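Listing of my_file29.txt, compact mmCIF, C-alpha atoms
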```txt
# COMPACT_ATOMS: atom_id res chain seq x y z
CA MET A 148 108.84 11.56 -16.55
CA LEU A 149 106.18 14.23 -17.02
CA VAL A 150 102.52 13.14 -17.05
CA ASP A 151 99.55 15.40 -17.71
CA PHE A 152 96.86 13.67 -15.71
CA HIS A 153 93.87 15.59 -17.07
CA VAL A 154 93.65 15.79 -20.85
CA HIS A 155 90.75 15.56 -23.26
CA ALA A 156 90.38 14.13 -26.75
CA PHE A 157 87.39 13.08 -28.79
CA ALA A 158 86.52 10.90 -31.75
CA GLU A 159 87.54 12.67 -34.96
CA LYS A 160 83.98 13.15 -36.21
CA ILE A 161 82.97 15.15 -33.11
CA ALA A 162 86.31 16.65 -32.01
CA ALA A 163 85.88 20.14 -33.49
CA ARG A 164 82.35 20.53 -32.14
CA ALA A 165 83.22 19.11 -28.70
CA ILE A 166 86.34 21.21 -28.24
CA GLY A 167 84.38 24.30 -29.30
CA GLN A 168 81.64 23.62 -26.77
CA ILE A 169 84.13 23.05 -23.95
CA ALA A 170 86.05 26.19 -24.88
CA GLY A 171 82.83 28.19 -24.82
CA LYS A 172 81.64 26.83 -21.48
CA ALA A 173 85.03 27.19 -19.81
CA ASP A 174 85.94 30.47 -21.56
CA LEU A 175 89.26 28.97 -22.71
CA ILE A 176 91.28 28.92 -25.90
CA PRO A 177 91.87 25.27 -26.91
CA GLU A 178 95.49 24.09 -27.08
CA THR A 179 94.72 21.10 -29.35
CA ASP A 180 92.36 20.27 -32.19
CA GLY A 181 90.47 17.90 -29.89
CA THR A 182 91.63 14.67 -31.58
CA ALA A 183 93.76 12.00 -29.95
CA GLU A 184 96.38 12.37 -32.68
CA GLY A 185 96.44 16.15 -32.22
CA LEU A 186 96.84 15.64 -28.48
CA ARG A 187 99.76 13.25 -29.00
CA ARG A 188 101.50 15.84 -31.24
CA ARG A 189 101.02 18.64 -28.74
CA LEU A 190 102.22 16.55 -25.79
CA GLN A 191 105.38 15.76 -27.74
CA GLU A 192 105.88 19.46 -28.60
CA TRP A 193 105.49 20.39 -24.94
CA GLY A 194 107.86 17.68 -23.71
CA VAL A 195 105.11 15.80 -21.89
CA ASP A 196 105.73 12.05 -21.84
CA LYS A 197 102.23 10.77 -21.16
CA GLY A 198 98.65 12.00 -20.92
CA VAL A 199 95.64 10.57 -19.13
CA VAL A 200 92.52 11.00 -21.24
CA LEU A 201 89.37 11.60 -19.21
CA PRO A 202 86.25 11.13 -21.34
CA ILE A 203 82.77 11.77 -20.03
CA ALA A 204 79.46 10.13 -20.87
CA THR A 205 77.05 13.05 -20.59
CA LYS A 206 74.09 10.77 -21.47
CA PRO A 207 73.40 7.19 -20.35
CA THR A 208 73.40 6.04 -23.97
CA GLN A 209 76.97 7.26 -24.58
CA GLN A 210 78.95 5.20 -22.10
CA THR A 211 79.59 2.09 -24.23
CA ILE A 212 80.74 3.89 -27.36
CA ILE A 213 82.88 6.32 -25.36
CA ASN A 214 84.58 3.51 -23.48
CA ASP A 215 85.22 1.55 -26.69
CA TRP A 216 86.82 4.67 -28.20
CA ALA A 217 88.87 5.34 -25.04
CA ALA A 218 90.27 1.82 -25.06
CA GLN A 219 91.28 2.17 -28.72
CA GLN A 220 93.28 5.34 -27.97
CA GLN A 221 95.59 3.74 -25.42
CA ASP A 222 99.24 3.38 -26.37
CA ASP A 223 102.61 4.26 -24.89
CA VAL A 224 101.63 7.97 -24.69
CA LEU A 225 97.91 8.05 -23.90
CA TYR A 226 96.28 6.23 -21.01
CA SER A 227 92.51 6.38 -20.78
CA TYR A 228 89.91 6.34 -18.07
CA GLY A 229 86.39 5.21 -18.87
CA SER A 230 83.12 6.85 -18.02
CA VAL A 231 79.74 5.67 -16.84
CA HIS A 232 76.50 7.52 -16.35
CA PRO A 233 74.71 6.89 -13.03
CA ASP A 234 71.33 6.78 -14.82
CA ALA A 235 72.36 4.08 -17.33
CA PRO A 236 70.42 0.86 -16.75
CA ASP A 237 73.60 -1.17 -17.40
CA VAL A 238 75.97 0.95 -15.32
CA LEU A 239 77.24 -1.96 -13.22
CA GLU A 240 77.90 -4.12 -16.27
CA GLU A 241 79.74 -1.24 -17.93
CA LEU A 242 81.97 -0.82 -14.88
CA GLU A 243 83.07 -4.42 -15.25
CA ARG A 244 83.58 -3.92 -18.99
CA ILE A 245 85.80 -0.90 -18.26
CA ARG A 246 88.09 -3.18 -16.29
CA GLN A 247 88.05 -5.78 -19.08
CA LEU A 248 88.93 -3.10 -21.65
CA GLY A 249 92.04 -2.24 -19.64
CA LEU A 250 90.95 1.30 -18.84
CA HIS A 251 92.69 2.76 -15.81
CA GLY A 252 89.76 4.20 -13.82
CA ILE A 253 86.53 6.11 -14.30
CA LYS A 254 85.67 9.77 -14.66
CA LEU A 255 82.48 11.26 -13.32
CA HIS A 256 81.38 14.82 -14.05
CA PRO A 257 78.39 15.55 -11.80
CA ASP A 258 77.77 18.99 -13.32
CA PHE A 259 77.43 17.66 -16.87
CA GLN A 260 75.81 14.38 -15.83
CA ARG A 261 73.46 16.10 -13.36
CA PHE A 262 73.75 13.93 -10.26
CA ASP A 263 74.70 14.38 -6.61
CA ILE A 264 77.92 12.55 -5.79
CA ASP A 265 76.31 11.22 -2.61
CA SER A 266 73.13 9.98 -4.31
CA PRO A 267 71.97 6.34 -4.36
CA GLY A 268 72.92 6.07 -8.05
CA ALA A 269 76.45 7.24 -7.35
CA TYR A 270 76.72 4.95 -4.30
CA LYS A 271 75.88 2.00 -6.56
CA ILE A 272 78.96 2.90 -8.63
CA TYR A 273 81.23 3.35 -5.61
CA GLU A 274 80.17 -0.01 -4.18
CA GLN A 275 81.26 -1.67 -7.42
CA ILE A 276 84.64 0.08 -7.76
CA ALA A 277 85.83 0.64 -4.17
CA GLY A 278 89.23 -1.00 -3.88
CA ARG A 279 89.17 -1.96 -7.57
CA LEU A 280 89.25 1.16 -9.77
CA PRO A 281 90.08 4.79 -8.99
CA VAL A 282 87.55 7.49 -9.79
CA LEU A 283 88.22 11.06 -10.82
CA ILE A 284 85.31 13.30 -9.87
CA HIS A 285 85.04 16.76 -11.41
CA MET A 286 84.47 19.14 -8.51
CA GLY A 287 84.82 22.80 -7.70
CA ASP A 288 82.11 24.42 -9.82
CA ASP A 289 80.26 26.70 -7.43
CA ARG A 290 77.36 27.13 -9.89
CA TYR A 291 76.05 23.70 -8.82
CA ALA A 292 75.66 21.76 -5.59
CA TYR A 293 76.23 18.29 -7.10
CA SER A 294 79.80 17.96 -5.87
CA LYS A 295 80.24 20.19 -2.85
CA PRO A 296 83.13 19.27 -0.51
CA GLU A 297 80.75 18.16 2.24
CA ARG A 298 79.22 15.65 -0.19
CA LEU A 299 82.68 14.27 -0.94
CA ALA A 300 83.41 14.02 2.80
CA ARG A 301 80.26 11.91 3.19
CA VAL A 302 81.29 9.65 0.28
CA MET A 303 84.79 9.18 1.70
CA ARG A 304 83.39 8.38 5.13
CA ASP A 305 81.00 5.80 3.65
CA PHE A 306 83.59 4.27 1.26
CA PRO A 307 86.98 4.27 3.00
CA THR A 308 88.60 2.07 0.31
CA LEU A 309 87.42 4.25 -2.58
CA ARG A 310 90.35 5.94 -4.37
CA VAL A 311 89.16 9.41 -5.39
CA MET A 312 90.87 12.20 -7.27
CA ALA A 313 88.84 15.37 -6.77
CA SER A 314 89.79 17.56 -9.70
CA HIS A 315 89.27 21.31 -9.25
CA LEU A 316 88.20 20.82 -5.63
CA GLY A 317 89.92 24.07 -4.74
CA GLY A 318 87.96 25.98 -7.40
```
Starting from the file, give its structure as structure tokens.
Amino acid sequence: MLVDFHVHAFAEKIAARAIGQIAGKADLIPETDGTAEGLRRRLQEWGVDKGVVLPIATKPTQQTIINDWAAQQQDDVLYSYGSVHPDAPDVLEELERIRQLGLHGIKLHPDFQRFDIDSPGAYKIYEQIAGRLPVLIHMGDDRYAYSKPERLARVMRDFPTLRVMASHLGG
């Protein structure tokens, strides 16, 4: 079985704009149209059995709608993580809702969400999910200091039961 553990898709009404913005920021040519259905088609064409969708709430107000959408996309091909924003007033409640929705973990993107991974707001999240939900943290962007390896080392020391996937840690 072949699983692509880091894929992106967006609600149809924003897919074209979102994929264009990501392509511009990352200087990449998109391989899909940005929709979940387009992603399913491409995974099938490529012989990939499953994909793990990793949405990101770039604003505190986005987390609920993004997580609702992510849960609706899950099927036998796409598995979804949820996302929370450390500055959301209901972040702890949303973490519990992510579990209730059947999402498989959470994604944090410190560069887009503008927070240090070893900040009090982030620690509040880790306390809630340690031993319960895995977290994928976008790392490796040397333009910012939000997710430097030494910060991750501190987090791992302080939360030994936290399951972390550090995407792009090597650059």
Report the closest atom pair, with its distance in Å rounded to one decimal, for each residue of segment 149-206 of chain A that has an atom no farther than 12 Å from segment 282-290 of chain A; count only C-alpha atoms, sort by chain and then rising residue number, and write it as a Markdown table.
```
| residue | atom | partner | partner_atom | distance |
| --- | --- | --- | --- | --- |
| A:Phe152 | CA | A:Leu283 | CA | 10.3 |
| A:His153 | CA | A:Leu283 | CA | 9.6 |
| A:Lys172 | CA | A:Asp288 | CA | 11.9 |
| A:Ala173 | CA | A:Asp288 | CA | 10.8 |
| A:Val199 | CA | A:Leu283 | CA | 11.2 |
| A:Val200 | CA | A:Leu283 | CA | 11.3 |
| A:Leu201 | CA | A:Leu283 | CA | 8.5 |
| A:Pro202 | CA | A:Leu283 | CA | 10.7 |
| A:Ile203 | CA | A:His285 | CA | 10.2 |
```
Which one of A:Val302, A:Leu175, A:Val311, A:Leu225 sits closest to Pro267 of chain A if you count only C-alpha atoms?
A:Val302
At a cut-off of 12 Å, can you tabulate as a Markdown table every residue of segment 254-299 of chain A near segment 234-249 of chain A together with its closest atom pair and the distance in Å to one decimal, using only C-alpha atoms and ordering rows by chain then number?
```
| residue | atom | partner | partner_atom | distance |
| --- | --- | --- | --- | --- |
| A:Lys254 | CA | A:Leu242 | CA | 11.2 |
| A:Pro257 | CA | A:Asp234 | CA | 11.7 |
| A:Gln260 | CA | A:Asp234 | CA | 8.9 |
| A:Arg261 | CA | A:Asp234 | CA | 9.7 |
| A:Phe262 | CA | A:Asp234 | CA | 8.8 |
| A:Asp263 | CA | A:Asp234 | CA | 11.7 |
| A:Ser266 | CA | A:Asp234 | CA | 11.1 |
| A:Pro267 | CA | A:Asp234 | CA | 10.5 |
| A:Gly268 | CA | A:Asp234 | CA | 7.0 |
| A:Ala269 | CA | A:Asp234 | CA | 9.1 |
| A:Tyr270 | CA | A:Leu239 | CA | 11.3 |
| A:Lys271 | CA | A:Leu239 | CA | 7.9 |
| A:Ile272 | CA | A:Leu239 | CA | 6.9 |
| A:Tyr273 | CA | A:Leu239 | CA | 10.1 |
| A:Glu274 | CA | A:Leu239 | CA | 9.7 |
| A:Gln275 | CA | A:Leu239 | CA | 7.1 |
| A:Ile276 | CA | A:Leu242 | CA | 7.7 |
| A:Ala277 | CA | A:Leu242 | CA | 11.5 |
| A:Arg279 | CA | A:Arg246 | CA | 8.9 |
| A:Leu280 | CA | A:Arg246 | CA | 7.9 |
| A:Pro281 | CA | A:Arg246 | CA | 11.0 |
| A:Val282 | CA | A:Leu242 | CA | 11.2 |
```
I'd like the contact shell of Leu149 of chain A - 10 Å cut-off, all atoms listed in the file, skipping same-chain residues fewer than 2 positions apart - returned as a ChimeraX atom specification.
/A:151-152,190,194-198
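You will find atom CA of Gln191 of chain A at 19.4 Å from atom CA of Ile176 of chain A.
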Separation of atom CA of Gly167 of chain A from atom CA of Pro296 of chain A, in Å and rounded to one decimal
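Going from atom CA of Gly167 of chain A over to atom CA of Pro296 of chain A, I get 29.3 Å.
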Counting all atoms listed in the file, which residues have an atom no more than 12 Å from (86.2, 16.7, -30.5) in the file's coordinates? Please list them as a list in words.
His155, Ala156, Phe157, Ala158, Glu159, Lys160, Ile161, Ala162, Ala163, Arg164, Ala165, Ile166, Gly167, Gln168, Ile169, Ala170, Pro177, Thr179, Asp180, Gly181, Thr182, Ala183, Glu184, Gly185, Leu186 and Pro202 of chain A
May I have the residues from that selection written out with C-alpha atoms, as a short mmCIF file (atom, residue, chain, number, x, y, z; two decimals), in the coordinates of the input?
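File part.cif, as written:
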```cif
data_model
loop_
_atom_site.label_atom_id
_atom_site.label_comp_id
_atom_site.auth_asym_id
_atom_site.auth_seq_id
_atom_site.Cartn_x
_atom_site.Cartn_y
_atom_site.Cartn_z
CA HIS A 155 90.75 15.56 -23.26
CA ALA A 156 90.38 14.13 -26.75
CA PHE A 157 87.39 13.08 -28.79
CA ALA A 158 86.52 10.90 -31.75
CA GLU A 159 87.54 12.67 -34.96
CA LYS A 160 83.98 13.15 -36.21
CA ILE A 161 82.97 15.15 -33.11
CA ALA A 162 86.31 16.65 -32.01
CA ALA A 163 85.88 20.14 -33.49
CA ARG A 164 82.35 20.53 -32.14
CA ALA A 165 83.22 19.11 -28.70
CA ILE A 166 86.34 21.21 -28.24
CA GLY A 167 84.38 24.30 -29.30
CA GLN A 168 81.64 23.62 -26.77
CA ILE A 169 84.13 23.05 -23.95
CA ALA A 170 86.05 26.19 -24.88
CA PRO A 177 91.87 25.27 -26.91
CA THR A 179 94.72 21.10 -29.35
CA ASP A 180 92.36 20.27 -32.19
CA GLY A 181 90.47 17.90 -29.89
CA THR A 182 91.63 14.67 -31.58
CA ALA A 183 93.76 12.00 -29.95
CA GLU A 184 96.38 12.37 -32.68
CA GLY A 185 96.44 16.15 -32.22
CA LEU A 186 96.84 15.64 -28.48
CA PRO A 202 86.25 11.13 -21.34
#
```
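Computed from the coordinates, the atom CA of Met312 of chain A to atom CA of Thr208 of chain A distance equals 24.9 Å.
Among the candidates A:Ile253, A:Ala300, A:Val231, A:Met148, the residue lying nearest to Ala204 of chain A is A:Val231 (atoms considered: all atoms listed in the file).
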Residue with smallest distance to Ala218 of chain A - pool A:Gly278, A:Gly171, A:Gly252, A:Pro233, counting only C-alpha atoms:
A:Gly252
Using all atoms listed in the file, which of A:Leu309, A:Val154, A:Ile212, A:Leu299 sits nearest Arg189 of chain A?
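Between A:Leu309, A:Val154, A:Ile212, A:Leu299, the residue approaching Arg189 of chain A most closely is A:Val154.
Comparing A:Val150, A:His315, A:Asp223, A:Arg301 by their smallest distance to Trp193 of chain A, the closest is A:Val150 (using all atoms listed in the file).
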Box time for segment 221-236 of chain A: axis-aligned, enclosing all its listed atoms, 3 Å extra on each side; report centre and edge lengths in Å to one decimal, as AutoDock Vina command-line options.
```
--center_x 86.5 --center_y 4.5 --center_z -19.7 --size_x 38.2 --size_y 13.2 --size_z 19.3
```
